[in-house]
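Text of final38.csv (CSV, C-alpha atoms) as supplied:
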```csv
chain,number,residue,atom,x,y,z
A,1,MET,CA,-30.7,9.4,0.7
A,2,LEU,CA,-27.2,8.9,-0.8
A,3,ASN,CA,-26.5,12.6,-0.2
A,4,MET,CA,-27.7,12.3,3.4
A,5,ILE,CA,-25.3,9.3,4.0
A,6,LYS,CA,-22.5,11.3,2.4
A,7,TYR,CA,-23.0,14.2,4.8
A,8,LEU,CA,-23.4,11.9,7.8
A,9,ARG,CA,-20.0,10.3,7.0
A,10,LEU,CA,-18.4,13.8,6.8
A,11,LEU,CA,-19.5,14.4,10.4
A,12,LEU,CA,-17.4,11.3,11.3
A,13,LEU,CA,-14.2,12.8,10.0
A,14,PRO,CA,-12.9,13.8,13.5
A,15,PHE,CA,-13.2,10.1,14.5
A,16,SER,CA,-11.3,9.2,11.3
A,17,VAL,CA,-8.4,11.4,12.5
A,18,LEU,CA,-8.4,9.6,15.9
A,19,TYR,CA,-8.6,6.2,14.2
A,20,GLY,CA,-5.7,7.2,11.8
A,21,ILE,CA,-3.5,8.2,14.7
A,22,VAL,CA,-4.0,4.9,16.4
A,23,VAL,CA,-3.3,2.9,13.2
A,24,VAL,CA,-0.2,4.9,12.4
A,25,CYS,CA,1.2,4.4,15.9
A,26,ARG,CA,0.4,0.7,15.7
A,27,ASN,CA,2.2,0.3,12.4
A,28,LYS,CA,5.2,2.3,13.6
A,29,CYS,CA,5.5,0.0,16.6
A,30,TYR,CA,5.7,-3.0,14.2
A,31,ASP,CA,8.1,-1.2,11.9
A,32,ILE,CA,10.6,-0.4,14.7
A,33,GLY,CA,10.3,-3.8,16.3
A,34,LEU,CA,8.4,-2.7,19.4
A,35,PHE,CA,5.6,-5.1,18.5
A,36,LYS,CA,6.7,-8.6,17.3
A,37,SER,CA,6.2,-9.6,13.7
A,38,THR,CA,7.0,-13.2,12.9
A,39,SER,CA,8.6,-14.3,9.6
A,40,PHE,CA,9.0,-17.8,8.2
A,41,ASP,CA,11.5,-19.8,6.2
A,42,LEU,CA,9.0,-20.8,3.5
A,43,PRO,CA,7.2,-18.6,1.0
A,44,VAL,CA,4.3,-16.7,2.5
A,45,ILE,CA,2.3,-14.6,0.1
A,46,CYS,CA,-0.3,-12.2,1.5
A,47,VAL,CA,-3.2,-11.0,-0.6
A,48,GLY,CA,-4.8,-7.9,0.9
A,49,ASN,CA,-6.2,-4.4,0.5
A,50,LEU,CA,-6.4,-1.1,2.3
A,51,VAL,CA,-10.2,-0.8,2.3
A,52,VAL,CA,-13.1,-2.6,4.0
A,53,GLY,CA,-15.1,-4.5,1.4
A,54,GLY,CA,-14.4,-6.5,-1.8
A,55,SER,CA,-11.6,-5.5,-4.0
A,56,GLY,CA,-11.2,-8.9,-5.6
A,57,LYS,CA,-9.1,-10.8,-3.1
A,58,THR,CA,-10.9,-14.2,-3.7
A,59,PRO,CA,-10.3,-14.3,-7.5
A,60,VAL,CA,-6.7,-13.1,-7.0
A,61,THR,CA,-6.1,-15.9,-4.5
A,62,GLU,CA,-7.5,-18.4,-7.0
A,63,TYR,CA,-5.2,-16.9,-9.7
A,64,LEU,CA,-2.2,-17.6,-7.5
A,65,VAL,CA,-3.3,-21.2,-6.9
A,66,ARG,CA,-3.4,-21.7,-10.6
A,67,LEU,CA,-0.1,-20.0,-11.2
A,68,LEU,CA,1.6,-22.0,-8.5
A,69,LYS,CA,0.1,-25.4,-9.4
A,70,ASP,CA,3.5,-27.1,-9.2
A,71,TYR,CA,3.8,-26.5,-5.5
A,72,LYS,CA,2.0,-27.9,-2.5
A,73,VAL,CA,-0.1,-24.9,-1.5
A,74,ALA,CA,-2.1,-24.0,1.6
A,75,ILE,CA,-4.5,-21.2,1.8
A,76,LEU,CA,-5.0,-19.7,5.3
A,77,SER,CA,-7.9,-17.4,6.0
A,78,ARG,CA,-9.5,-15.9,9.0
A,79,GLY,CA,-12.8,-17.4,7.8
A,80,TYR,CA,-15.0,-14.3,8.0
A,81,GLY,CA,-18.6,-15.0,8.9
A,82,ARG,CA,-18.1,-18.5,10.3
A,83,LYS,CA,-19.7,-19.6,13.5
A,84,THR,CA,-16.6,-21.4,14.8
A,85,ARG,CA,-13.3,-20.3,16.3
A,86,GLY,CA,-9.8,-21.6,16.3
A,87,PHE,CA,-7.8,-23.5,13.7
A,88,ILE,CA,-9.9,-25.7,11.4
A,89,LEU,CA,-8.8,-27.6,8.3
A,90,ALA,CA,-11.5,-27.8,5.6
A,91,ASP,CA,-12.7,-31.3,4.9
A,92,GLU,CA,-15.8,-33.1,3.5
A,93,ASN,CA,-17.9,-31.9,6.5
A,94,ALA,CA,-17.0,-28.2,6.0
A,95,ASN,CA,-19.6,-25.6,5.1
A,96,ALA,CA,-19.9,-21.9,5.0
A,97,LEU,CA,-20.9,-21.8,8.7
A,98,THR,CA,-17.9,-23.8,9.9
A,99,ILE,CA,-15.1,-22.2,7.8
A,100,GLY,CA,-16.7,-19.1,6.0
A,101,ASP,CA,-18.0,-18.7,2.4
A,102,GLU,CA,-14.7,-17.8,0.7
A,103,PRO,CA,-12.6,-20.6,2.2
A,104,MET,CA,-15.5,-23.0,1.3
A,105,GLN,CA,-15.3,-21.7,-2.3
A,106,PHE,CA,-11.5,-22.4,-2.3
A,107,TYR,CA,-12.1,-25.9,-0.9
A,108,SER,CA,-14.9,-26.7,-3.4
A,109,LYS,CA,-12.8,-25.7,-6.4
A,110,PHE,CA,-9.3,-26.8,-5.5
A,111,ARG,CA,-9.3,-30.2,-3.7
A,112,HIS,CA,-5.5,-30.5,-4.3
A,113,VAL,CA,-5.0,-27.4,-2.1
A,114,THR,CA,-5.1,-27.4,1.7
A,115,VAL,CA,-7.6,-24.8,3.0
A,116,ALA,CA,-7.5,-23.7,6.7
A,117,VAL,CA,-9.0,-21.0,8.8
A,118,CYS,CA,-7.6,-19.4,12.0
A,119,GLU,CA,-7.8,-16.0,13.6
A,120,ASP,CA,-4.2,-16.3,14.8
A,121,ARG,CA,-2.3,-16.4,11.5
A,122,VAL,CA,1.1,-17.1,13.2
A,123,TYR,CA,-0.4,-20.2,14.9
A,124,GLY,CA,-2.1,-21.2,11.6
A,125,ILE,CA,1.1,-21.0,9.6
A,126,ASN,CA,3.0,-23.0,12.2
A,127,ARG,CA,0.4,-25.7,11.9
A,128,LEU,CA,0.8,-25.8,8.1
A,129,LYS,CA,4.4,-24.9,7.3
A,130,ASP,CA,6.1,-28.4,7.7
A,131,SER,CA,3.8,-30.1,5.2
A,132,HIS,CA,3.5,-27.4,2.5
A,133,ASP,CA,5.8,-25.6,0.0
A,134,LEU,CA,4.1,-22.2,0.4
A,135,ILE,CA,1.2,-20.5,2.1
A,136,ILE,CA,-1.2,-17.9,0.7
A,137,LEU,CA,-2.7,-15.6,3.4
A,138,ASP,CA,-6.1,-14.4,2.3
A,139,ASP,CA,-6.9,-10.8,3.6
A,140,ALA,CA,-4.1,-10.4,6.0
A,141,TYR,CA,-2.4,-7.2,5.0
A,142,GLN,CA,-3.3,-5.5,8.4
A,143,HIS,CA,-2.4,-8.7,10.3
A,144,ARG,CA,1.1,-7.3,11.2
A,145,LYS,CA,1.9,-10.2,13.6
A,146,VAL,CA,3.0,-12.0,10.4
A,147,LYS,CA,5.7,-10.7,8.2
A,148,PRO,CA,4.9,-12.2,4.8
A,149,GLY,CA,7.7,-12.6,2.3
A,150,PHE,CA,5.6,-11.1,-0.5
A,151,SER,CA,2.5,-9.0,-0.3
A,152,ILE,CA,0.1,-8.2,-3.1
A,153,LEU,CA,-2.0,-5.2,-2.4
A,154,LEU,CA,-5.3,-4.7,-4.3
A,155,PHE,CA,-7.0,-1.5,-5.4
A,156,GLU,CA,-10.3,-1.2,-7.1
A,157,TYR,CA,-10.0,0.8,-10.3
A,158,GLU,CA,-13.0,3.0,-9.8
A,159,LYS,CA,-12.0,3.8,-6.2
A,160,LEU,CA,-8.6,5.0,-7.2
A,161,LEU,CA,-10.3,7.6,-9.3
A,162,SER,CA,-12.0,9.2,-6.3
A,163,TRP,CA,-11.2,10.5,-2.8
A,164,GLN,CA,-11.0,7.9,0.0
A,165,PHE,CA,-11.1,8.5,3.7
A,166,LEU,CA,-10.2,6.5,6.8
A,167,LEU,CA,-12.8,4.6,8.8
A,168,PRO,CA,-15.4,5.5,10.0
A,169,ALA,CA,-15.9,8.4,7.5
A,170,GLY,CA,-14.6,6.3,4.7
A,171,ASN,CA,-13.6,2.7,4.0
A,172,LEU,CA,-9.8,2.8,4.4
A,173,ARG,CA,-8.5,0.5,7.1
A,174,GLU,CA,-5.2,2.4,7.3
A,175,PRO,CA,-3.6,5.5,5.7
A,176,PHE,CA,-3.1,5.2,1.9
A,177,ASP,CA,0.7,5.2,2.2
A,178,GLY,CA,0.5,1.8,3.8
A,179,TYR,CA,0.9,0.5,0.2
A,180,LYS,CA,4.6,1.0,0.6
A,181,ARG,CA,4.9,-2.3,2.6
A,182,ALA,CA,3.7,-4.3,-0.5
A,183,GLN,CA,5.9,-5.9,-3.1
A,184,SER,CA,3.3,-5.7,-5.9
A,185,LEU,CA,0.3,-3.4,-6.4
A,186,LEU,CA,-2.6,-4.8,-8.4
A,187,VAL,CA,-5.5,-2.7,-9.7
A,188,THR,CA,-8.6,-4.8,-10.0
A,189,LYS,CA,-11.8,-4.5,-12.0
A,190,ALA,CA,-10.2,-2.3,-14.6
A,191,PRO,CA,-11.3,-2.3,-18.2
A,192,GLU,CA,-9.7,-4.9,-20.3
A,193,ARG,CA,-7.9,-2.0,-22.1
A,194,SER,CA,-7.6,1.0,-19.8
A,195,ASP,CA,-8.1,4.5,-21.0
A,196,ALA,CA,-4.6,6.2,-20.9
A,197,MET,CA,-5.8,9.2,-19.0
A,198,GLU,CA,-7.6,7.2,-16.3
A,199,THR,CA,-4.6,4.9,-16.0
A,200,ALA,CA,-2.4,7.9,-15.5
A,201,ALA,CA,-4.8,9.1,-12.8
A,202,CYS,CA,-4.5,5.8,-11.0
A,203,VAL,CA,-0.7,5.9,-11.1
A,204,LYS,CA,-0.7,9.4,-9.8
A,205,ASN,CA,-2.2,8.2,-6.5
A,206,PHE,CA,1.2,6.6,-5.7
A,207,GLY,CA,3.4,9.6,-6.6
A,208,ASN,CA,6.1,8.1,-8.8
A,209,MET,CA,5.6,4.5,-10.0
A,210,PRO,CA,6.1,2.2,-7.0
A,211,ALA,CA,9.3,0.2,-6.9
A,212,GLY,CA,7.4,-3.1,-7.0
A,213,GLY,CA,5.3,-2.1,-10.0
A,214,LEU,CA,1.7,-1.3,-10.6
A,215,PHE,CA,-0.3,-3.9,-12.5
A,216,PHE,CA,-3.8,-3.8,-14.0
A,217,SER,CA,-6.3,-6.6,-14.1
A,218,PHE,CA,-9.9,-7.1,-15.2
A,219,ILE,CA,-12.7,-9.5,-14.5
A,220,SER,CA,-13.4,-12.5,-16.8
A,221,TYR,CA,-16.8,-14.2,-16.4
A,222,GLY,CA,-17.3,-17.9,-17.0
A,223,ASN,CA,-20.3,-19.9,-17.8
A,224,LEU,CA,-23.3,-20.0,-15.6
A,225,LYS,CA,-23.3,-23.1,-13.3
A,226,HIS,CA,-26.4,-24.7,-11.8
A,227,LEU,CA,-26.3,-24.4,-8.0
A,228,PHE,CA,-27.0,-28.1,-7.4
A,229,SER,CA,-26.2,-30.1,-10.6
A,230,GLY,CA,-23.2,-28.2,-11.7
A,231,ALA,CA,-24.6,-28.1,-15.3
A,232,GLU,CA,-23.2,-25.2,-17.3
A,233,GLN,CA,-24.8,-22.9,-19.8
A,234,SER,CA,-23.5,-19.8,-21.5
A,235,CYS,CA,-24.6,-16.4,-20.5
A,236,ASP,CA,-25.7,-16.1,-24.2
A,237,ALA,CA,-28.7,-18.3,-23.1
A,238,ILE,CA,-30.1,-15.2,-21.4
A,239,SER,CA,-32.2,-13.4,-24.0
A,240,ALA,CA,-33.2,-9.8,-24.0
A,241,ASP,CA,-36.6,-10.8,-22.7
A,242,THR,CA,-35.3,-13.0,-19.8
A,243,ARG,CA,-36.2,-11.8,-16.3
A,244,VAL,CA,-33.1,-12.1,-14.2
A,245,PHE,CA,-33.5,-12.3,-10.4
A,246,LEU,CA,-30.1,-11.4,-9.1
A,247,LEU,CA,-29.2,-12.4,-5.5
A,248,THR,CA,-26.0,-10.9,-4.1
A,249,GLY,CA,-24.4,-10.5,-0.7
A,250,ILE,CA,-21.1,-9.0,-1.8
A,251,ALA,CA,-19.4,-5.7,-1.2
A,252,ASN,CA,-19.7,-4.4,-4.8
A,253,PRO,CA,-22.2,-6.1,-7.2
A,254,GLY,CA,-21.8,-3.2,-9.7
A,255,PRO,CA,-19.6,-5.0,-12.2
A,256,LEU,CA,-21.8,-8.1,-12.2
A,257,LEU,CA,-24.9,-6.0,-12.8
A,258,VAL,CA,-23.2,-4.2,-15.7
A,259,HIS,CA,-22.2,-7.6,-17.2
A,260,LEU,CA,-25.7,-9.1,-16.9
A,261,LYS,CA,-27.3,-5.9,-18.4
A,262,GLY,CA,-25.3,-6.7,-21.5
A,263,TYR,CA,-27.7,-9.7,-22.0
A,264,SER,CA,-31.0,-8.5,-20.4
A,265,LYS,CA,-32.3,-5.1,-19.1
A,266,HIS,CA,-34.9,-6.9,-17.0
A,267,ILE,CA,-33.0,-7.5,-13.7
A,268,VAL,CA,-34.6,-7.6,-10.3
A,269,GLN,CA,-32.0,-7.2,-7.6
A,270,HIS,CA,-32.1,-8.8,-4.2
A,271,ASN,CA,-29.1,-7.1,-2.8
A,272,TYR,CA,-27.6,-7.7,0.7
A,273,PRO,CA,-24.4,-6.6,2.5
A,274,ASP,CA,-21.1,-8.4,2.1
A,275,HIS,CA,-21.1,-12.0,3.6
A,276,TYR,CA,-24.7,-11.6,4.6
A,277,PRO,CA,-26.1,-14.7,6.3
A,278,PHE,CA,-29.2,-15.3,4.1
A,279,SER,CA,-32.2,-16.3,6.2
A,280,ARG,CA,-35.1,-18.5,5.2
A,281,GLN,CA,-37.3,-15.4,5.0
A,282,ASN,CA,-34.8,-13.8,2.6
A,283,ILE,CA,-34.9,-16.8,0.2
A,284,GLU,CA,-38.7,-17.1,0.6
A,285,GLN,CA,-39.0,-13.5,-0.6
A,286,LEU,CA,-36.8,-14.3,-3.6
A,287,VAL,CA,-38.7,-17.5,-4.4
A,288,ASN,CA,-42.1,-15.7,-4.1
A,289,ALA,CA,-41.0,-12.9,-6.4
A,290,PHE,CA,-39.7,-15.4,-8.9
A,291,GLN,CA,-42.9,-17.5,-8.9
A,292,SER,CA,-45.0,-14.4,-9.2
A,293,GLU,CA,-43.2,-13.3,-12.4
A,294,GLY,CA,-45.5,-14.2,-15.4
A,295,SER,CA,-42.7,-14.4,-17.9
A,296,LYS,CA,-41.8,-17.9,-19.2
A,297,GLU,CA,-38.1,-16.8,-19.6
A,298,LYS,CA,-36.8,-16.3,-16.1
A,299,ILE,CA,-33.7,-17.3,-14.1
A,300,ILE,CA,-32.1,-16.8,-10.6
A,301,ILE,CA,-28.4,-15.8,-10.7
A,302,THR,CA,-26.1,-15.4,-7.7
A,303,THR,CA,-22.3,-15.1,-7.2
A,304,GLU,CA,-20.0,-18.1,-6.6
A,305,LYS,CA,-19.3,-16.8,-3.1
A,306,ASP,CA,-23.0,-16.4,-2.2
A,307,ALA,CA,-23.7,-19.8,-3.6
A,308,GLN,CA,-21.7,-21.4,-0.7
A,309,ARG,CA,-24.2,-20.0,1.8
A,310,LEU,CA,-27.2,-21.1,-0.2
A,311,LEU,CA,-26.2,-24.8,0.2
A,312,ALA,CA,-27.4,-24.7,3.9
A,313,VAL,CA,-30.2,-27.4,4.2
A,314,THR,CA,-32.9,-24.9,5.2
A,315,LEU,CA,-32.2,-22.8,2.2
A,316,LYS,CA,-31.5,-25.5,-0.3
A,317,GLU,CA,-34.9,-27.1,0.0
A,318,LEU,CA,-36.5,-23.8,-1.0
A,319,LEU,CA,-34.5,-23.6,-4.2
A,320,LEU,CA,-34.2,-27.3,-5.3
A,321,ASN,CA,-36.7,-27.1,-8.2
A,322,LEU,CA,-35.8,-23.7,-9.5
A,323,PRO,CA,-33.3,-22.6,-12.2
A,324,VAL,CA,-30.7,-21.2,-9.8
A,325,PHE,CA,-27.2,-20.5,-11.3
A,326,TYR,CA,-24.1,-18.9,-10.0
A,327,LEU,CA,-21.6,-17.0,-12.2
A,328,PRO,CA,-17.9,-17.8,-11.6
A,329,ILE,CA,-15.3,-15.1,-12.2
A,330,LYS,CA,-11.6,-15.0,-12.7
A,331,ILE,CA,-9.2,-12.1,-12.9
A,332,GLU,CA,-7.0,-11.7,-15.9
A,333,LEU,CA,-3.9,-9.5,-16.1
A,334,GLN,CA,-3.8,-6.9,-18.8
A,335,GLU,CA,-1.6,-8.2,-21.6
A,336,LYS,CA,1.2,-5.6,-20.9
A,337,ASP,CA,1.4,-6.7,-17.3
A,338,LYS,CA,0.9,-10.5,-17.1
A,339,ALA,CA,4.4,-11.8,-17.8
A,340,THR,CA,6.1,-9.4,-15.4
A,341,PHE,CA,3.5,-9.9,-12.6
A,342,ASP,CA,3.6,-13.7,-12.9
A,343,GLN,CA,7.4,-13.8,-13.0
A,344,LYS,CA,7.8,-11.7,-9.9
A,345,ILE,CA,5.8,-14.2,-7.9
A,346,LEU,CA,7.4,-17.2,-9.4
A,347,ASN,CA,10.9,-15.8,-8.7
A,348,TYR,CA,10.0,-15.1,-5.1
A,349,VAL,CA,8.7,-18.6,-4.5
A,350,SER,CA,11.6,-20.4,-6.3
A,351,GLY,CA,14.1,-18.1,-4.7
A,352,THR,CA,13.0,-18.5,-1.1
A,353,THR,CA,15.3,-20.7,1.0
A,354,ARG,CA,13.2,-23.8,1.4
A,355,ASN,CA,12.5,-24.1,-2.3
A,356,ARG,CA,15.9,-23.4,-3.8
```

Spell out the structure here as structure tokens.
Amino acid sequence: MLNMIKYLRLLLLPFSVLYGIVVVCRNKCYDIGLFKSTSFDLPVICVGNLVVGGSGKTPVTEYLVRLLKDYKVAILSRGYGRKTRGFILADENANALTIGDEPMQFYSKFRHVTVAVCEDRVYGINRLKDSHDLIILDDAYQHRKVKPGFSILLFEYEKLLSWQFLLPAGNLREPFDGYKRAQSLLVTKAPERSDAMETAACVKNFGNMPAGGLFFSFISYGNLKHLFSGAEQSCDAISADTRVFLLTGIANPGPLLVHLKGYSKHIVQHNYPDHYPFSRQNIEQLVNAFQSEGSKEKIIITTEKDAQRLLAVTLKELLLNLPVFYLPIKIELQEKDKATFDQKILNYVSGTTRNR
């Protein structure tokens, strides 16, 4: 099946060429000023990537919020998957349907930070700029109507070690050399200590080392948190005999699966596409499978982003009396890179006109 999909995608290569020509022409029009790109007099940090799908933008945005805790921060996102349109500020009435799952996660974790969604990032920034010290744009690297002061471009470690193609044959949103617009390049989901040869292979993708620097990060997993009570327990509570029912609707559940297999080999996956809107039927299937399992040691685990969608009333009632936990993640910079990466961002924010 996988080979069939691979060959079908190869048949789409001519369309990738056409897509690439359109994207290159569009970017060139912005580069030479034929299309307008708006800049702002406060720090605007863009977190983005070149591919469709998850490369770790959400935990990187959270990393920046923690790093920039001394500033009044606003996060502006498009709000992918929401059922609303226009500019919306997150408040106590917000949910994944009104603002999207990732903004809802930001709002739930960082009540001191303003979270807003808007398709038109220029309009959104104008709504926020007078009352904030800086704005973080979540997933806006291809939104060329805004000219951010600092762009952090993310690359998944494993994907840098293989060939990548433009849409629709591959997952690239724009040609790879689009990385040159970024001020910092961050490799995500790398090992805590990268193999020297694989690290060199990653660097080789960029020719010589990029001027802004190439930094490496890895995933750090927290304690399991109960979906409703917030009670925590260590992953060590998962024994080798525990049956884990893993519910995911993210682009790449692979690293999470590897992590959980370090505790139990008995994992039943209920895997859906990224940002998938779980239906009542989906959750009923999960609940039926869980209740049919004869083992006394069993647990349902999901991701923090997916948890935001499970709080819908129609789904919540199905899960209320079950051991449903989500597993928060953070990104950590490799020891050799952390100080330099952090300082570049802090220097940019403190040195930008309004914050001098």

If I put a ball of radius 9 Å at (-37.8, -12.3, -3.8) in the file's coordinates, which residues poke into it when counting only C-alpha atoms, written as a PDB file with C-alpha atoms, in the coordinates of the input?
```pdb
ATOM      1  CA  PHE A 245     -33.500 -12.300 -10.400  1.00  0.00           C
ATOM      2  CA  LEU A 247     -29.200 -12.400  -5.500  1.00  0.00           C
ATOM      3  CA  VAL A 268     -34.600  -7.600 -10.300  1.00  0.00           C
ATOM      4  CA  GLN A 269     -32.000  -7.200  -7.600  1.00  0.00           C
ATOM      5  CA  HIS A 270     -32.100  -8.800  -4.200  1.00  0.00           C
ATOM      6  CA  ASN A 282     -34.800 -13.800   2.600  1.00  0.00           C
ATOM      7  CA  ILE A 283     -34.900 -16.800   0.200  1.00  0.00           C
ATOM      8  CA  GLU A 284     -38.700 -17.100   0.600  1.00  0.00           C
ATOM      9  CA  GLN A 285     -39.000 -13.500  -0.600  1.00  0.00           C
ATOM     10  CA  LEU A 286     -36.800 -14.300  -3.600  1.00  0.00           C
ATOM     11  CA  VAL A 287     -38.700 -17.500  -4.400  1.00  0.00           C
ATOM     12  CA  ASN A 288     -42.100 -15.700  -4.100  1.00  0.00           C
ATOM     13  CA  ALA A 289     -41.000 -12.900  -6.400  1.00  0.00           C
ATOM     14  CA  PHE A 290     -39.700 -15.400  -8.900  1.00  0.00           C
ATOM     15  CA  GLN A 291     -42.900 -17.500  -8.900  1.00  0.00           C
TER      16      GLN A 291
END
```

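In this model, the gap between CA of Ile135 (chain A) and CA of Arg181 (chain A) comes to 18.6 Å.
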
Go through A:Asp130, A:Leu315, A:Gly170, A:Lys145 one by one, measure the shortest atom-to-atom distance of each to Leu34 (chain A) using all atoms listed in the file, and give the residue with the smallest value.
->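 Comparing A:Asp130, A:Leu315, A:Gly170, A:Lys145 against Leu34 (chain A), the winner is A:Lys145.
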
Rank nothing, just name the residue among A:Arg82, A:Lys338, A:Arg309, A:Lys72 nearest to Leu42 (chain A), using all atoms listed in the file.
-> A:Lys72

Using all atoms listed in the file, determine which residues lie at most 9 Å from Gly86 (chain A), disregarding the query and same-chain residues fewer than 6 positions distant; provide the list as a VMD selection string.
-> chain A and resid 117 to 120

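Among the candidates A:Tyr123, A:His143, A:Gly254, A:Ser16, the one nearest to Ser37 (chain A) when counting only C-alpha atoms is A:His143.
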
Quote the spacing between CA of Asn49 (chain A) and CA of Leu154 (chain A) in Å to one decimal place.
-> 4.9 Å

Two-atom distance - CA of Thr314 (chain A), CA of Ile301 (chain A) (Å) |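 Calculated distance between CA of Thr314 (chain A) and CA of Ile301 (chain A) is 18.9 Å.
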
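Among the candidates A:Arg9, A:Lys28, A:Arg173, A:Lys109, the one nearest to Val51 (chain A) when counting only C-alpha atoms is A:Arg173.
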
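Remark: for Val44 (chain A), the closest of the candidate residues A:Pro14, A:Gly149, A:Gly294, A:Gly79 is A:Gly149 (distances computed over only C-alpha atoms).
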
Excluding Gly178 (chain A) and residues on its chain fewer than 2 positions from it, collect all residues at most 12 Å away from it, counting all atoms listed in the file, and give them as a list in words.
-> Gly20, Val23, Val24, Arg26, Asn27, Lys28, Asp31, Gly48, Asn49, Leu50, Val51, Tyr141, Gln142, Arg144, Ser151, Leu153, Leu154, Leu172, Arg173, Glu174, Pro175, Phe176, Lys180, Arg181, Ala182, Gln183, Leu185 and Phe206 of chain A

Could you turn the residues from that selection into a file that holds C-alpha atoms, as a PDB file, in the frame of the given file?
```pdb
ATOM      1  CA  GLY A  20      -5.700   7.200  11.800  1.00  0.00           C
ATOM      2  CA  VAL A  23      -3.300   2.900  13.200  1.00  0.00           C
ATOM      3  CA  VAL A  24      -0.200   4.900  12.400  1.00  0.00           C
ATOM      4  CA  ARG A  26       0.400   0.700  15.700  1.00  0.00           C
ATOM      5  CA  ASN A  27       2.200   0.300  12.400  1.00  0.00           C
ATOM      6  CA  LYS A  28       5.200   2.300  13.600  1.00  0.00           C
ATOM      7  CA  ASP A  31       8.100  -1.200  11.900  1.00  0.00           C
ATOM      8  CA  GLY A  48      -4.800  -7.900   0.900  1.00  0.00           C
ATOM      9  CA  ASN A  49      -6.200  -4.400   0.500  1.00  0.00           C
ATOM     10  CA  LEU A  50      -6.400  -1.100   2.300  1.00  0.00           C
ATOM     11  CA  VAL A  51     -10.200  -0.800   2.300  1.00  0.00           C
ATOM     12  CA  TYR A 141      -2.400  -7.200   5.000  1.00  0.00           C
ATOM     13  CA  GLN A 142      -3.300  -5.500   8.400  1.00  0.00           C
ATOM     14  CA  ARG A 144       1.100  -7.300  11.200  1.00  0.00           C
ATOM     15  CA  SER A 151       2.500  -9.000  -0.300  1.00  0.00           C
ATOM     16  CA  LEU A 153      -2.000  -5.200  -2.400  1.00  0.00           C
ATOM     17  CA  LEU A 154      -5.300  -4.700  -4.300  1.00  0.00           C
ATOM     18  CA  LEU A 172      -9.800   2.800   4.400  1.00  0.00           C
ATOM     19  CA  ARG A 173      -8.500   0.500   7.100  1.00  0.00           C
ATOM     20  CA  GLU A 174      -5.200   2.400   7.300  1.00  0.00           C
ATOM     21  CA  PRO A 175      -3.600   5.500   5.700  1.00  0.00           C
ATOM     22  CA  PHE A 176      -3.100   5.200   1.900  1.00  0.00           C
ATOM     23  CA  LYS A 180       4.600   1.000   0.600  1.00  0.00           C
ATOM     24  CA  ARG A 181       4.900  -2.300   2.600  1.00  0.00           C
ATOM     25  CA  ALA A 182       3.700  -4.300  -0.500  1.00  0.00           C
ATOM     26  CA  GLN A 183       5.900  -5.900  -3.100  1.00  0.00           C
ATOM     27  CA  LEU A 185       0.300  -3.400  -6.400  1.00  0.00           C
ATOM     28  CA  PHE A 206       1.200   6.600  -5.700  1.00  0.00           C
TER      29      PHE A 206
END
```

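Minimum atom-to-atom distance to Tyr19 (chain A), evaluated using only C-alpha atoms, belongs to A:Asn171 out of A:Ser55, A:Ser131, A:Asn171, A:Thr84.
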
If we count only C-alpha atoms, what is near Ser77 (chain A) at a cut-off of 9 Å, once residues fewer than 2 positions away on the same chain are taken out, given as an NGL selection string?
-> :A and (75 or 79-80 or 99-100 or 102-103 or 115-119 or 121 or 124 or 136-140)

Go ahead and dump the residues you just picked, C-alpha atoms, as a tab-separated table (two decimals), in the frame of the given file.
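Result file follows (part26.tsv):
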```
chain	number	residue	atom	x	y	z
A	75	ILE	CA	-4.50	-21.20	1.80
A	79	GLY	CA	-12.80	-17.40	7.80
A	80	TYR	CA	-15.00	-14.30	8.00
A	99	ILE	CA	-15.10	-22.20	7.80
A	100	GLY	CA	-16.70	-19.10	6.00
A	102	GLU	CA	-14.70	-17.80	0.70
A	103	PRO	CA	-12.60	-20.60	2.20
A	115	VAL	CA	-7.60	-24.80	3.00
A	116	ALA	CA	-7.50	-23.70	6.70
A	117	VAL	CA	-9.00	-21.00	8.80
A	118	CYS	CA	-7.60	-19.40	12.00
A	119	GLU	CA	-7.80	-16.00	13.60
A	121	ARG	CA	-2.30	-16.40	11.50
A	124	GLY	CA	-2.10	-21.20	11.60
A	136	ILE	CA	-1.20	-17.90	0.70
A	137	LEU	CA	-2.70	-15.60	3.40
A	138	ASP	CA	-6.10	-14.40	2.30
A	139	ASP	CA	-6.90	-10.80	3.60
A	140	ALA	CA	-4.10	-10.40	6.00
```

If you take all atoms listed in the file and a cut-off of 12 Å, which residues of region 156-262 of chain A touch region 340-354 of chain A, and what are their nearest atom pairs and distances in Å to one decimal, in chain and number order, as a Markdown table?
```
| residue | atom | partner | partner_atom | distance |
| --- | --- | --- | --- | --- |
| A:Gln183 | CA | A:Lys344 | CA | 9.1 |
| A:Ser184 | CA | A:Phe341 | CA | 7.9 |
| A:Leu185 | CA | A:Phe341 | CA | 9.5 |
| A:Leu186 | CA | A:Phe341 | CA | 9.0 |
| A:Val187 | CA | A:Phe341 | CA | 11.9 |
| A:Gly212 | CA | A:Lys344 | CA | 9.1 |
| A:Gly213 | CA | A:Phe341 | CA | 8.4 |
| A:Leu214 | CA | A:Phe341 | CA | 9.0 |
| A:Phe215 | CA | A:Phe341 | CA | 7.1 |
| A:Phe216 | CA | A:Phe341 | CA | 9.6 |
| A:Ser217 | CA | A:Phe341 | CA | 10.4 |
```

Nearby residues (all atoms listed in the file) at most 8 Å from region 59-66 of chain A, same-chain spacing under 6 positions excluded, as an MDAnalysis selection string = chainID A and resid 47 73 106 136 138 329:331
